[in-house]
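J.: Below is run_12.txt; it holds compact mmCIF, C-alpha atoms.
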```txt
# COMPACT_ATOMS: atom_id res chain seq x y z
CA MET A 1 -57.00 7.44 -79.93
CA ILE A 2 -56.39 11.09 -79.03
CA ILE A 3 -55.80 13.47 -81.93
CA ILE A 4 -53.57 16.31 -80.80
CA ASN A 5 -55.06 19.81 -81.28
CA LYS A 6 -58.38 18.42 -82.57
CA GLU A 7 -59.69 16.17 -79.81
CA TYR A 8 -58.63 16.34 -76.21
CA ILE A 9 -59.71 14.95 -72.87
CA LYS A 10 -62.04 17.53 -71.34
CA PHE A 11 -62.14 18.31 -67.65
CA THR A 12 -65.76 17.52 -66.80
CA LYS A 13 -68.09 18.63 -64.01
CA LYS A 14 -67.89 15.11 -62.56
CA MET A 15 -64.07 15.34 -62.47
CA LYS A 16 -64.31 18.57 -60.48
CA LYS A 17 -65.61 16.61 -57.47
CA ASP A 18 -62.75 14.15 -56.99
CA TYR A 19 -59.86 15.07 -59.32
CA THR A 20 -56.81 16.94 -58.02
CA ILE A 21 -55.49 19.64 -60.34
CA LEU A 22 -51.68 19.77 -60.38
CA ILE A 23 -50.13 23.20 -60.97
CA PRO A 24 -46.48 23.88 -61.91
CA ASN A 25 -44.35 25.78 -59.42
CA MET A 26 -43.56 29.16 -60.96
CA LEU A 27 -44.62 31.70 -58.32
CA PRO A 28 -44.80 29.90 -54.95
CA ILE A 29 -46.17 32.87 -52.99
CA HIS A 30 -48.82 33.77 -55.56
CA PHE A 31 -49.78 30.24 -56.53
CA ASN A 32 -50.35 29.18 -52.90
CA MET A 33 -53.09 31.80 -52.79
CA VAL A 34 -54.36 30.92 -56.27
CA ILE A 35 -54.83 27.33 -55.08
CA ARG A 36 -56.91 28.49 -52.10
CA VAL A 37 -59.05 30.61 -54.43
CA LEU A 38 -59.67 27.54 -56.60
CA GLU A 39 -60.53 25.54 -53.48
CA SER A 40 -63.15 28.14 -52.51
CA TYR A 41 -64.89 27.33 -55.79
CA GLY A 42 -64.91 23.59 -55.22
CA TYR A 43 -61.69 22.56 -56.98
CA LYS A 44 -58.97 20.41 -55.48
CA ALA A 45 -55.54 21.75 -56.42
CA LYS A 46 -51.91 21.18 -55.49
CA MET A 47 -48.73 23.01 -56.49
CA LEU A 48 -45.90 20.71 -57.53
CA GLU A 49 -42.66 20.90 -55.58
CA ASN A 50 -40.63 18.11 -57.21
CA GLU A 51 -37.29 19.42 -58.50
CA GLY A 52 -33.90 18.04 -59.40
CA HIS A 53 -32.28 16.39 -62.39
CA SER A 54 -35.15 13.91 -62.84
CA VAL A 55 -37.43 16.78 -63.86
CA VAL A 56 -35.06 17.88 -66.61
CA GLU A 57 -34.53 14.27 -67.72
CA SER A 58 -38.29 13.67 -67.95
CA GLY A 59 -38.69 16.83 -70.01
CA LEU A 60 -35.89 15.94 -72.41
CA LYS A 61 -37.21 12.40 -72.79
CA TYR A 62 -40.71 13.40 -73.84
CA VAL A 63 -40.20 16.85 -75.41
CA HIS A 64 -37.96 17.67 -78.38
CA ASN A 65 -34.76 19.28 -77.11
CA ASP A 66 -35.21 22.22 -79.52
CA THR A 67 -38.27 23.23 -77.51
CA CYS A 68 -37.73 26.18 -75.16
CA TYR A 69 -36.41 25.41 -71.71
CA PRO A 70 -39.54 26.47 -69.73
CA ALA A 71 -41.61 23.96 -71.70
CA ILE A 72 -39.09 21.21 -71.01
CA LEU A 73 -39.15 22.01 -67.29
CA VAL A 74 -42.92 22.41 -66.89
CA ILE A 75 -43.74 19.27 -68.87
CA GLY A 76 -40.88 17.41 -67.20
CA GLN A 77 -42.17 18.40 -63.76
CA PHE A 78 -45.65 17.13 -64.61
CA ILE A 79 -44.48 13.77 -65.94
CA ASP A 80 -41.94 13.32 -63.14
CA ALA A 81 -44.77 13.88 -60.64
CA LEU A 82 -47.05 11.37 -62.40
CA LYS A 83 -44.25 8.77 -62.42
CA SER A 84 -43.41 9.34 -58.75
CA GLY A 85 -46.30 7.21 -57.49
CA SER A 86 -47.51 10.06 -55.25
CA TYR A 87 -50.73 10.48 -57.20
CA ASP A 88 -53.54 8.33 -58.55
CA THR A 89 -53.00 9.18 -62.20
CA HIS A 90 -56.66 8.38 -62.95
CA LYS A 91 -57.74 11.06 -60.50
CA VAL A 92 -55.51 13.99 -61.47
CA ALA A 93 -55.65 16.77 -64.05
CA LEU A 94 -52.86 19.12 -65.09
CA MET A 95 -53.23 22.88 -65.44
CA LEU A 96 -51.21 25.11 -67.76
CA PHE A 97 -51.43 28.90 -67.91
CA GLN A 98 -51.65 30.35 -71.43
CA THR A 99 -51.72 33.92 -72.69
CA GLY A 100 -52.72 33.01 -76.24
CA GLY A 101 -49.98 35.23 -77.70
CA GLY A 102 -47.38 34.51 -80.36
CA CYS A 103 -44.88 32.93 -77.96
CA ARG A 104 -44.29 29.18 -78.15
CA ALA A 105 -45.75 29.00 -74.65
CA SER A 106 -49.20 29.09 -76.25
CA ASN A 107 -48.42 25.65 -77.69
CA TYR A 108 -47.42 24.10 -74.36
CA VAL A 109 -50.81 22.40 -73.95
CA SER A 110 -50.42 20.50 -77.23
CA LEU A 111 -46.82 19.64 -76.38
CA LEU A 112 -47.87 18.39 -72.96
CA ARG A 113 -50.64 16.19 -74.36
CA LYS A 114 -48.25 14.71 -76.90
CA ALA A 115 -45.71 14.02 -74.13
CA LEU A 116 -48.39 12.44 -71.92
CA ILE A 117 -49.33 10.01 -74.69
CA LYS A 118 -45.67 9.03 -75.16
CA ALA A 119 -45.30 8.50 -71.41
CA GLY A 120 -48.48 6.41 -71.20
CA TYR A 121 -50.69 9.03 -69.53
CA GLY A 122 -52.80 10.10 -72.49
CA TYR A 123 -55.93 9.74 -70.35
CA VAL A 124 -54.89 12.58 -68.00
CA PRO A 125 -56.87 15.76 -68.78
CA VAL A 126 -54.98 19.02 -69.34
CA VAL A 127 -56.82 22.19 -68.37
CA SER A 128 -55.91 25.37 -70.22
CA PHE A 129 -56.09 28.42 -67.94
CA SER A 130 -56.55 31.17 -70.49
CA LEU A 131 -58.50 34.42 -70.50
CA THR A 132 -58.68 34.21 -74.28
CA GLY A 133 -60.75 31.01 -74.16
CA LEU A 134 -58.38 28.83 -76.17
CA GLU A 135 -60.20 25.70 -74.98
CA LYS A 136 -63.49 24.77 -73.34
CA HIS A 137 -63.75 22.54 -70.27
CA PRO A 138 -67.22 21.92 -68.77
CA GLY A 139 -65.74 21.43 -65.31
CA PHE A 140 -63.57 24.56 -65.24
CA LYS A 141 -64.85 28.04 -65.93
CA LEU A 142 -63.29 31.42 -65.29
CA THR A 143 -66.08 33.52 -63.81
CA ILE A 144 -65.91 37.20 -62.86
CA PRO A 145 -66.01 36.47 -59.08
CA LEU A 146 -63.21 33.91 -59.50
CA LEU A 147 -61.06 36.33 -61.49
CA HIS A 148 -61.78 39.03 -58.91
CA LYS A 149 -60.30 36.87 -56.15
CA LEU A 150 -57.36 35.87 -58.34
CA MET A 151 -56.54 39.56 -58.83
CA TYR A 152 -56.11 39.93 -55.08
CA ALA A 153 -53.94 36.81 -54.99
CA VAL A 154 -51.67 38.58 -57.50
CA THR A 155 -51.55 41.91 -55.66
CA CYS A 156 -50.97 40.36 -52.24
CA GLY A 157 -48.35 38.05 -53.73
CA ASP A 158 -46.50 40.98 -55.32
CA LEU A 159 -46.56 42.96 -52.09
CA LEU A 160 -45.22 40.06 -50.02
CA MET A 161 -42.54 39.26 -52.61
CA SER A 162 -41.35 42.87 -52.77
CA LEU A 163 -41.14 43.38 -49.00
CA TYR A 164 -39.54 39.99 -48.41
CA ASN A 165 -36.81 40.75 -50.94
CA GLN A 166 -36.15 44.12 -49.31
CA CYS A 167 -35.74 42.51 -45.87
CA ARG A 168 -34.06 39.16 -46.36
CA THR A 169 -30.51 40.39 -47.07
CA THR A 170 -30.17 42.80 -44.13
CA GLU A 171 -32.32 41.10 -41.46
CA THR A 172 -30.41 40.82 -38.18
CA GLU A 173 -32.00 37.47 -37.32
CA ARG A 174 -31.65 35.05 -40.22
CA GLY A 175 -34.97 33.55 -41.30
CA GLN A 176 -37.24 36.10 -39.62
CA SER A 177 -38.50 37.62 -42.87
CA LYS A 178 -39.10 34.13 -44.33
CA ALA A 179 -41.12 33.16 -41.27
CA LEU A 180 -43.21 36.33 -41.61
CA LEU A 181 -43.65 35.68 -45.33
CA ASP A 182 -44.94 32.16 -44.63
CA GLU A 183 -47.22 33.44 -41.86
CA TRP A 184 -48.83 36.06 -44.07
CA THR A 185 -49.06 33.77 -47.10
CA GLU A 186 -51.00 31.26 -45.01
CA LYS A 187 -53.19 33.95 -43.44
CA ILE A 188 -54.16 35.46 -46.77
CA ALA A 189 -54.58 32.01 -48.32
CA ARG A 190 -57.08 31.10 -45.60
CA GLY A 191 -58.95 34.30 -46.28
CA MET A 192 -59.00 33.51 -50.01
CA ARG A 193 -60.68 30.17 -49.26
CA THR A 194 -63.83 31.79 -47.93
CA VAL A 195 -66.94 31.13 -49.99
CA GLY A 196 -68.34 34.22 -51.67
CA PRO A 197 -66.82 37.58 -52.60
CA LEU A 198 -63.93 39.17 -50.71
CA ARG A 199 -64.40 42.59 -49.18
CA TYR A 200 -61.74 44.86 -50.64
CA GLU A 201 -61.56 46.82 -47.40
CA LYS A 202 -60.23 43.62 -45.83
CA ILE A 203 -57.57 43.34 -48.53
CA LYS A 204 -56.50 46.95 -47.95
CA GLN A 205 -56.21 46.20 -44.24
CA TYR A 206 -53.97 43.30 -45.20
CA TYR A 207 -51.78 45.66 -47.26
CA ASN A 208 -51.23 48.05 -44.36
CA GLN A 209 -50.62 45.36 -41.75
CA ILE A 210 -48.23 43.44 -44.03
CA VAL A 211 -46.12 46.56 -44.57
CA ARG A 212 -46.08 47.40 -40.84
CA ASP A 213 -45.12 43.83 -39.90
CA PHE A 214 -42.21 43.71 -42.35
CA ASP A 215 -41.13 47.21 -41.31
CA SER A 216 -40.86 45.96 -37.71
CA ILE A 217 -38.23 43.35 -38.65
CA PRO A 218 -34.83 44.47 -37.24
CA ARG A 219 -32.40 45.11 -40.11
CA ARG A 220 -28.77 46.09 -40.32
CA ASN A 221 -28.10 49.71 -41.23
CA GLU A 222 -26.37 49.01 -44.53
CA LYS A 223 -27.08 49.38 -48.20
CA PRO A 224 -26.40 46.14 -50.09
CA ILE A 225 -25.85 46.13 -53.83
CA LYS A 226 -29.25 45.94 -55.51
CA VAL A 227 -29.62 43.46 -58.37
CA GLY A 228 -32.72 43.34 -60.55
CA ILE A 229 -34.02 40.22 -62.28
CA VAL A 230 -35.93 40.44 -65.55
CA GLY A 231 -36.51 38.06 -68.43
CA GLU A 232 -38.82 35.37 -69.72
CA ILE A 233 -41.58 35.03 -67.16
CA TYR A 234 -40.89 31.43 -66.09
CA VAL A 235 -37.12 31.64 -65.67
CA LYS A 236 -37.52 35.08 -64.10
CA PHE A 237 -39.72 33.82 -61.26
CA SER A 238 -39.14 30.06 -60.96
CA SER A 239 -36.23 28.84 -58.83
CA LEU A 240 -36.39 25.61 -60.84
CA GLY A 241 -36.02 27.60 -64.06
CA ASN A 242 -33.18 29.89 -62.89
CA ASN A 243 -31.23 27.48 -60.66
CA GLY A 244 -32.13 29.25 -57.44
CA LEU A 245 -30.94 32.65 -58.67
CA GLU A 246 -32.58 34.75 -55.96
CA GLN A 247 -31.11 32.71 -53.10
CA PHE A 248 -27.69 32.78 -54.77
CA LEU A 249 -27.77 36.59 -54.94
CA VAL A 250 -28.86 36.84 -51.30
CA ASP A 251 -26.02 34.51 -50.28
CA GLU A 252 -23.66 36.85 -52.14
CA GLY A 253 -24.93 39.75 -50.06
CA ALA A 254 -27.08 41.42 -52.73
CA GLN A 255 -30.61 42.73 -52.43
CA VAL A 256 -32.89 41.14 -55.02
CA CYS A 257 -35.30 43.38 -56.94
CA VAL A 258 -37.91 41.56 -59.05
CA PRO A 259 -40.70 43.48 -60.82
CA GLY A 260 -44.01 41.91 -59.84
CA PHE A 261 -46.34 39.56 -61.66
CA LEU A 262 -48.94 42.34 -61.82
CA ASP A 263 -46.72 44.06 -64.40
CA PHE A 264 -47.17 41.06 -66.70
CA CYS A 265 -50.95 41.19 -66.16
CA PHE A 266 -50.91 44.88 -67.09
CA TYR A 267 -48.84 44.02 -70.16
CA CYS A 268 -51.37 41.44 -71.37
CA ILE A 269 -54.31 43.83 -70.91
CA TYR A 270 -52.55 46.86 -72.38
CA ASN A 271 -51.56 44.91 -75.50
CA SER A 272 -55.24 44.60 -76.39
CA ILE A 273 -55.66 48.36 -76.02
CA VAL A 274 -52.66 48.87 -78.32
CA ASP A 275 -54.09 46.34 -80.81
CA LYS A 276 -57.22 48.45 -81.09
CA LYS A 277 -55.14 51.58 -81.70
CA LEU A 278 -52.77 50.00 -84.25
CA TYR A 279 -54.99 47.49 -86.01
CA ASN A 280 -58.53 48.41 -84.95
CA MET A 281 -58.83 44.84 -83.74
CA THR A 282 -59.70 43.36 -80.33
CA LYS A 283 -61.44 40.20 -79.16
CA LEU A 284 -63.61 42.13 -76.71
CA PRO A 285 -64.99 45.69 -76.71
CA LEU A 286 -62.26 48.22 -75.94
CA PHE A 287 -64.03 49.56 -72.85
CA ILE A 288 -63.69 46.14 -71.16
CA TYR A 289 -59.89 46.20 -71.53
CA LYS A 290 -59.72 49.82 -70.35
CA PHE A 291 -61.92 49.04 -67.36
CA ALA A 292 -59.73 46.05 -66.41
CA PHE A 293 -56.56 48.13 -66.85
CA ASN A 294 -57.82 51.02 -64.72
CA PHE A 295 -59.21 48.61 -62.11
CA ALA A 296 -55.80 46.97 -61.72
CA LYS A 297 -54.10 50.41 -61.64
CA ARG A 298 -56.19 51.40 -58.64
CA LYS A 299 -55.22 48.21 -56.83
CA GLN A 300 -51.55 48.85 -57.57
CA GLN A 301 -51.84 52.42 -56.29
CA ASP A 302 -53.37 51.16 -53.06
CA MET A 303 -50.28 48.98 -52.50
CA ILE A 304 -47.99 51.90 -53.27
CA ASN A 305 -49.88 54.10 -50.79
CA ALA A 306 -49.70 51.40 -48.10
CA ILE A 307 -45.92 51.18 -48.50
CA LYS A 308 -45.40 54.96 -48.49
CA GLN A 309 -47.67 55.58 -45.50
CA ASN A 310 -46.37 52.77 -43.29
CA SER A 311 -42.66 52.36 -44.03
CA ASN A 312 -39.52 53.49 -45.81
CA PHE A 313 -39.60 50.53 -48.18
CA GLU A 314 -39.32 51.22 -51.88
CA PRO A 315 -42.75 50.93 -53.54
CA MET A 316 -43.39 49.35 -56.92
CA THR A 317 -43.32 51.63 -59.98
CA PRO A 318 -46.78 52.75 -61.21
CA ILE A 319 -47.59 51.06 -64.50
CA ASP A 320 -48.13 54.38 -66.32
CA ARG A 321 -44.55 55.33 -65.43
CA THR A 322 -43.26 51.94 -66.60
CA ILE A 323 -45.02 52.30 -69.95
CA SER A 324 -43.77 55.87 -70.44
CA LEU A 325 -40.16 54.73 -69.97
CA CYS A 326 -40.39 52.77 -73.26
CA ASP A 327 -40.58 55.99 -75.26
CA GLY A 328 -37.54 56.27 -77.50
CA TYR A 329 -36.43 52.70 -76.81
CA ILE A 330 -39.08 50.24 -78.02
CA ASN A 331 -42.51 50.43 -79.64
CA LEU A 332 -45.49 49.23 -77.63
CA GLY A 333 -46.58 47.16 -80.63
CA VAL A 334 -43.68 44.76 -79.91
CA LYS A 335 -45.55 42.11 -77.96
CA MET A 336 -44.22 38.65 -78.75
CA GLY A 337 -43.28 36.83 -75.55
CA GLU A 338 -42.55 39.47 -72.90
CA GLY A 339 -42.11 42.04 -75.69
CA TRP A 340 -41.83 45.68 -74.67
CA LEU A 341 -42.35 44.77 -71.01
CA LEU A 342 -38.91 43.18 -70.84
CA THR A 343 -37.22 46.39 -71.96
CA ALA A 344 -39.58 48.46 -69.79
CA GLU A 345 -38.68 46.50 -66.66
CA MET A 346 -34.96 47.09 -67.21
CA LEU A 347 -35.71 50.80 -67.56
CA GLU A 348 -38.02 50.63 -64.53
CA LEU A 349 -35.28 49.11 -62.39
CA TYR A 350 -32.72 51.69 -63.48
CA ASP A 351 -35.22 54.50 -62.94
CA SER A 352 -35.78 53.33 -59.35
CA GLY A 353 -32.04 53.12 -58.61
CA THR A 354 -31.28 49.47 -59.41
CA LYS A 355 -28.51 49.71 -61.99
CA ASN A 356 -27.36 46.07 -61.84
CA ILE A 357 -29.63 43.79 -63.83
CA ILE A 358 -29.66 40.10 -64.77
CA CYS A 359 -31.65 39.30 -67.90
CA THR A 360 -32.68 35.64 -67.59
CA GLN A 361 -33.44 34.05 -70.93
CA PRO A 362 -34.12 30.54 -72.18
CA PHE A 363 -31.58 29.66 -74.85
CA GLY A 364 -33.15 30.16 -78.27
CA CYS A 365 -36.05 32.33 -77.05
CA LEU A 366 -36.19 34.82 -79.93
CA PRO A 367 -38.45 37.46 -78.29
CA ASN A 368 -36.21 37.42 -75.22
CA HIS A 369 -33.04 37.84 -77.24
CA ILE A 370 -34.50 40.78 -79.15
CA CYS A 371 -36.27 42.65 -76.34
CA GLY A 372 -33.79 41.65 -73.62
CA LYS A 373 -30.27 40.92 -74.80
CA GLY A 374 -30.79 42.90 -77.99
CA MET A 375 -31.66 46.06 -76.03
CA ILE A 376 -28.58 46.01 -73.79
CA ARG A 377 -26.43 48.01 -76.20
CA PRO A 378 -28.96 50.84 -76.75
CA LEU A 379 -29.49 51.04 -72.99
CA LYS A 380 -25.76 51.24 -72.27
CA GLU A 381 -25.30 53.91 -74.94
CA ARG A 382 -27.66 56.21 -73.05
CA MET A 383 -26.94 55.06 -69.48
CA SER A 384 -23.23 54.43 -69.17
CA ASP A 385 -23.46 53.25 -65.56
CA ILE A 386 -26.05 50.53 -66.16
CA ASN A 387 -24.63 47.06 -65.49
CA ILE A 388 -26.54 44.31 -67.34
CA VAL A 389 -25.67 40.68 -67.94
CA ALA A 390 -27.72 38.27 -70.05
CA VAL A 391 -27.71 34.71 -68.71
CA ASP A 392 -28.91 31.76 -70.80
CA TYR A 393 -30.80 28.95 -69.07
CA ASP A 394 -31.06 25.66 -70.88
CA ALA A 395 -30.82 21.93 -70.24
CA GLY A 396 -27.36 22.00 -71.81
CA ALA A 397 -26.12 25.13 -70.00
CA THR A 398 -23.75 24.60 -67.08
CA LYS A 399 -24.58 26.16 -63.73
CA VAL A 400 -20.90 26.99 -63.24
CA ASN A 401 -20.88 29.17 -66.35
CA GLN A 402 -24.06 30.94 -65.21
CA ILE A 403 -22.59 31.60 -61.76
CA ASN A 404 -19.33 32.91 -63.23
CA ARG A 405 -21.19 35.42 -65.41
CA ILE A 406 -23.27 36.58 -62.45
CA LYS A 407 -20.21 36.88 -60.19
CA LEU A 408 -18.48 38.98 -62.84
CA MET A 409 -21.50 41.28 -62.93
CA LEU A 410 -21.42 41.54 -59.11
CA ALA A 411 -17.69 42.32 -59.20
CA ASN A 412 -18.36 45.15 -61.68
CA ALA A 413 -21.15 46.41 -59.43
CA LYS A 414 -18.80 46.51 -56.41
CA GLU A 415 -16.18 48.39 -58.44
CA GLN A 416 -18.77 50.98 -59.43
CA GLU A 417 -19.79 51.40 -55.78
CA ILE A 418 -16.15 51.94 -54.76
CA GLU A 419 -15.62 54.50 -57.54
CA LYS A 420 -18.81 56.30 -56.52
CA SER A 421 -17.69 56.33 -52.88
CA ASP A 422 -14.25 57.69 -53.83
CA LYS A 423 -15.82 60.55 -55.77
CA LYS A 424 -17.83 61.56 -52.70
CA GLN A 425 -14.71 61.76 -50.51
CA PRO A 426 -13.39 65.32 -50.03
CA ALA A 427 -10.10 66.03 -51.77
CA LEU A 428 -7.01 66.02 -49.53
CA VAL A 429 -5.29 69.40 -49.20
```
Before anything else, please render the file you have as structure tokens.
T.:
Amino acid sequence: MIIINKEYIKFTKKMKKDYTILIPNMLPIHFNMVIRVLESYGYKAKMLENEGHSVVESGLKYVHNDTCYPAILVIGQFIDALKSGSYDTHKVALMLFQTGGGCRASNYVSLLRKALIKAGYGYVPVVSFSLTGLEKHPGFKLTIPLLHKLMYAVTCGDLLMSLYNQCRTTETERGQSKALLDEWTEKIARGMRTVGPLRYEKIKQYYNQIVRDFDSIPRRNEKPIKVGIVGEIYVKFSSLGNNGLEQFLVDEGAQVCVPGFLDFCFYCIYNSIVDKKLYNMTKLPLFIYKFAFNFAKRKQQDMINAIKQNSNFEPMTPIDRTISLCDGYINLGVKMGEGWLLTAEMLELYDSGTKNIICTQPFGCLPNHICGKGMIRPLKERMSDINIVAVDYDAGATKVNQINRIKLMLANAKEQEIEKSDKKQPALV
């Protein structure tokens, strides 16, 4: 008998040889490279691609419906995959990413194990991917070289995602930017699979060539309405979680702007620095967090430089600027869920010229409602032209209602563009 939260099936060294680790599909570009990094260290891994109503049904069947929507989807996707017959369930393990914070997401592992027992898969090991060391698995260890490679998977993924979003709406030949995205994702993924450390000079060469390649894509000379996406990390990035929001916006003629995953990594590291300042409490020496933060800042700056030197694309906002934008709006000690980062990303988007924002939130996610929806009024009081809509995503929410709210936001955005254009026109004599 398995006792939840006290005893759990450990992923052993023997399992590492012939078990396949299944990973939920949250960030397809990034996770494809993460998988190749894991493969370079002897792991077998696969990102799940099963979607549809059966995923939601599996989640609702084995998880209490009061649980937040991302948990229902992630657990539902796992169980739906195990039930599909596509895998030998005695030769697979499941991986969940945990921050160890106060969000309910930190309890997903326990919820998943409980659901697996109900579904008859209690023997399937669940690996917790957590920098805070929430669990120990003899067959899976996060080493410094492994984390080093994963950092580059994040930076390259962010760069590709940003440039792809800036090209896909105005490309003259439909599908060209997607083809280039797939080409570069595969090329970098192959490079990630090499045994041993990666030379950072090679990564910087990737940055420059990626920017030049995307800049060479023929694009129409027009300025589409820019729409930013913020919110709870899963529904912000996952097409399964947000009902294909990015593609819907592109089909409506908008340019999608999504702050990168590196911002969330910065957020997690910086919170520990703030904890030391506010509470004199950290799990590791402060200099380790500062070193990691400054290391990641240098990598971000290299991407920004590559974009500025090789194209007219809009670069990502430096993290120091993003943090400074919180001043007067939200305290940096607010760190449940996405915490201050959620507010900061709305300010970041506005600061960079994206005034139309969709705040994606799982229904009932308290941190999201406070730091996202709850901040809309103070933002509008100071920035009258900001156009924000909060959209709830839940198993009981209708897609039609979500689309209607988004279309209303787009209609308001178009009206604002027309008014702005009229003001620029010279007065008739």
J.: Could you list, as a VMD selection string, every residue within 10 Å of range 246-250 of chain A, counting all atoms listed in the file and ignoring same-chain residues fewer than 4 positions away?
T.: chain A and resid 165 168 to 170 224 to 229 236 to 239 242 254 to 258 403 406 to 407 410
J.: Looking at A:Ile75, A:Met26, A:Leu180, A:Ala93, which one is nearest to Phe11 in chain A, with distances taken over all atoms listed in the file?
T.: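 Comparing A:Ile75, A:Met26, A:Leu180, A:Ala93 against Phe11 in chain A, the winner is A:Ala93.
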J.: In terms of the shortest atom-to-atom distance over all atoms listed in the file, which of A:Glu252, A:Asp213, A:Glu173, A:Glu232 is closest to His369 in chain A?
T.: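 Checking each of A:Glu252, A:Asp213, A:Glu173, A:Glu232 against His369 in chain A, counting all atoms listed in the file, the winner is A:Glu232.
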J.: Taking all atoms listed in the file into account, which of A:Asn243, A:Gln209, A:Asn107, A:Thr67 comes nearest His53 in chain A?
T.: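 Of the candidates, the smallest distance to His53 in chain A is held by A:Asn243.
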J.: Need to verify the contact set: Asp394 in chain A, 8 Å, all atoms listed in the file, exclusion of same-chain residues closer than 6 positions in sequence. Can you return it as number ranges by chain?
T.: A: 68-69, 362-363
J.: Export range 332-357 of chain A from the structure block above, keeping C-alpha atoms, as a PDB file, in the first residue's frame.
T.:
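Output (part.pdb):
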```pdb
ATOM      1  CA  LEU A 332       8.122  42.432  -4.190  1.00  0.00           C
ATOM      2  CA  GLY A 333       7.267  40.408  -1.088  1.00  0.00           C
ATOM      3  CA  VAL A 334       4.019  39.320  -2.799  1.00  0.00           C
ATOM      4  CA  LYS A 335       5.135  35.967  -4.153  1.00  0.00           C
ATOM      5  CA  MET A 336       2.315  33.436  -3.975  1.00  0.00           C
ATOM      6  CA  GLY A 337       1.756  31.839  -7.379  1.00  0.00           C
ATOM      7  CA  GLU A 338       3.040  34.277 -10.009  1.00  0.00           C
ATOM      8  CA  GLY A 339       2.856  37.064  -7.412  1.00  0.00           C
ATOM      9  CA  TRP A 340       4.444  40.389  -8.314  1.00  0.00           C
ATOM     10  CA  LEU A 341       5.645  38.993 -11.644  1.00  0.00           C
ATOM     11  CA  LEU A 342       2.093  38.912 -12.980  1.00  0.00           C
ATOM     12  CA  THR A 343       1.631  42.629 -12.338  1.00  0.00           C
ATOM     13  CA  ALA A 344       5.174  43.342 -13.543  1.00  0.00           C
ATOM     14  CA  GLU A 345       4.561  41.613 -16.878  1.00  0.00           C
ATOM     15  CA  MET A 346       1.454  43.708 -17.530  1.00  0.00           C
ATOM     16  CA  LEU A 347       3.522  46.818 -16.810  1.00  0.00           C
ATOM     17  CA  GLU A 348       6.368  45.425 -18.933  1.00  0.00           C
ATOM     18  CA  LEU A 349       4.059  44.935 -21.906  1.00  0.00           C
ATOM     19  CA  TYR A 350       2.592  48.432 -21.592  1.00  0.00           C
ATOM     20  CA  ASP A 351       6.066  49.917 -21.187  1.00  0.00           C
ATOM     21  CA  SER A 352       7.171  48.275 -24.448  1.00  0.00           C
ATOM     22  CA  GLY A 353       4.116  49.520 -26.366  1.00  0.00           C
ATOM     23  CA  THR A 354       1.711  46.587 -25.999  1.00  0.00           C
ATOM     24  CA  LYS A 355      -1.365  48.180 -24.449  1.00  0.00           C
ATOM     25  CA  ASN A 356      -3.813  45.316 -25.108  1.00  0.00           C
ATOM     26  CA  ILE A 357      -3.424  42.518 -22.584  1.00  0.00           C
TER      27      ILE A 357
END
```
